[in-house]
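For reference, the structure is listed below as structure tokens.
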Amino acid sequence: MKKTLLIFSFLLLAASSSFSQDNAAYKTALGKMMQASGAETIYKAAISQMMTMMKQQKNEVPAEVWESLQTEMSKISVIELTDMLVPVYQKHLTIQDINDLTSFYNTPIGKKFAEKSPLIMQESMQIGQQWGQKIGQQVADKLKDKGY
């Protein structure tokens, strides 16, 4: 019985160690992909915007305190966000997929795509809002025509 328990414990330890190493490798690969894709820069910009809004609410706090907090939050928060995103990405993409994406983002067209993605997203969201309003108006008009 002790021998079986010892073997089971060893297998469990080996499996968890392997998972931990795989998870660390995946996290590292995801971090590289986020950096190459420009996502990390976007996250840092979001933090900067949040800090700007908070500064306006707490204008009695000295500028050097805000600068220190922003530097600290930019570093820590991106690491925390990456940790939180690992399970989501692992569910949908293999580590090879992540590495292939990183390779893509390091090509000239990948760099251009990473640079232009925020602008494309912003403009697409505006078009999506217009489209949604148009559909909503069309549905409202058709319901009105039907007497509703």
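Naming works like this for the structure tokens: A, B, ... for the chains as they're shown, residue 1 at the start of each chain, ligands 1 onward in shown order.
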### Query
Near Leu101 (chain A), counting only C-alpha atoms, which residues have an atom at most 10 Å away, once you skip same-chain residues fewer than 4 positions from it, shown as a PyMOL selection string?
chain A and resi 29-30+32-34+36-37+95-97+105-106+110
Preceding selection exported with C-alpha atoms as a PDB file, in the first residue's frame:
ATOM      1  CA  ALA A  29       5.319  32.657 -25.359  1.00  0.00           C
ATOM      2  CA  LEU A  30       2.066  34.580 -24.842  1.00  0.00           C
ATOM      3  CA  LYS A  32       6.266  37.603 -26.422  1.00  0.00           C
ATOM      4  CA  MET A  33       3.267  37.441 -28.758  1.00  0.00           C
ATOM      5  CA  MET A  34       1.507  40.275 -26.899  1.00  0.00           C
ATOM      6  CA  ALA A  36       5.122  41.644 -30.854  1.00  0.00           C
ATOM      7  CA  SER A  37       1.446  42.226 -31.674  1.00  0.00           C
ATOM      8  CA  ILE A  95       1.899  27.095 -27.857  1.00  0.00           C
ATOM      9  CA  GLN A  96       2.933  26.444 -31.474  1.00  0.00           C
ATOM     10  CA  ASP A  97       0.061  28.676 -32.632  1.00  0.00           C
ATOM     11  CA  TYR A 105       4.090  39.798 -35.990  1.00  0.00           C
ATOM     12  CA  ASN A 106       7.857  40.003 -36.443  1.00  0.00           C
ATOM     13  CA  GLY A 110       2.858  41.629 -39.189  1.00  0.00           C
TER      14      GLY A 110
END
### Query
Got a sec: who's within 12 Å of Met54 (chain A), counting only C-alpha atoms, leaving out chain neighbours fewer than 6 positions off, as a list in words?
Ile47, Ser48, Glu60, Val61, Ala63, Trp66, Leu69 and Gln70 of chain A
#### Entry: Residue with smallest distance to Lys116 (chain A) - pool A:Gly147, A:Gly38, A:Gly136, A:Gly31, counting only C-alpha atoms
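Using only C-alpha atoms, Lys116 (chain A) sits closest to A:Gly38.
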### Query
Quick one, how far is CA of Ser77 (chain A) from CA of Lys44 (chain A)?
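Taking CA of Ser77 (chain A) and CA of Lys44 (chain A), their separation equals 8.5 Å.
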### Message
Can you measure CA of Ala114 (chain A) to CA of Thr82 (chain A) for me? One decimal in Å is fine.
### Response
17.9 Å
### Task
For CA of Leu85 (chain A) and CA of Ala25 (chain A), quote the distance in Å rounded to one decimal.
13.9 Å
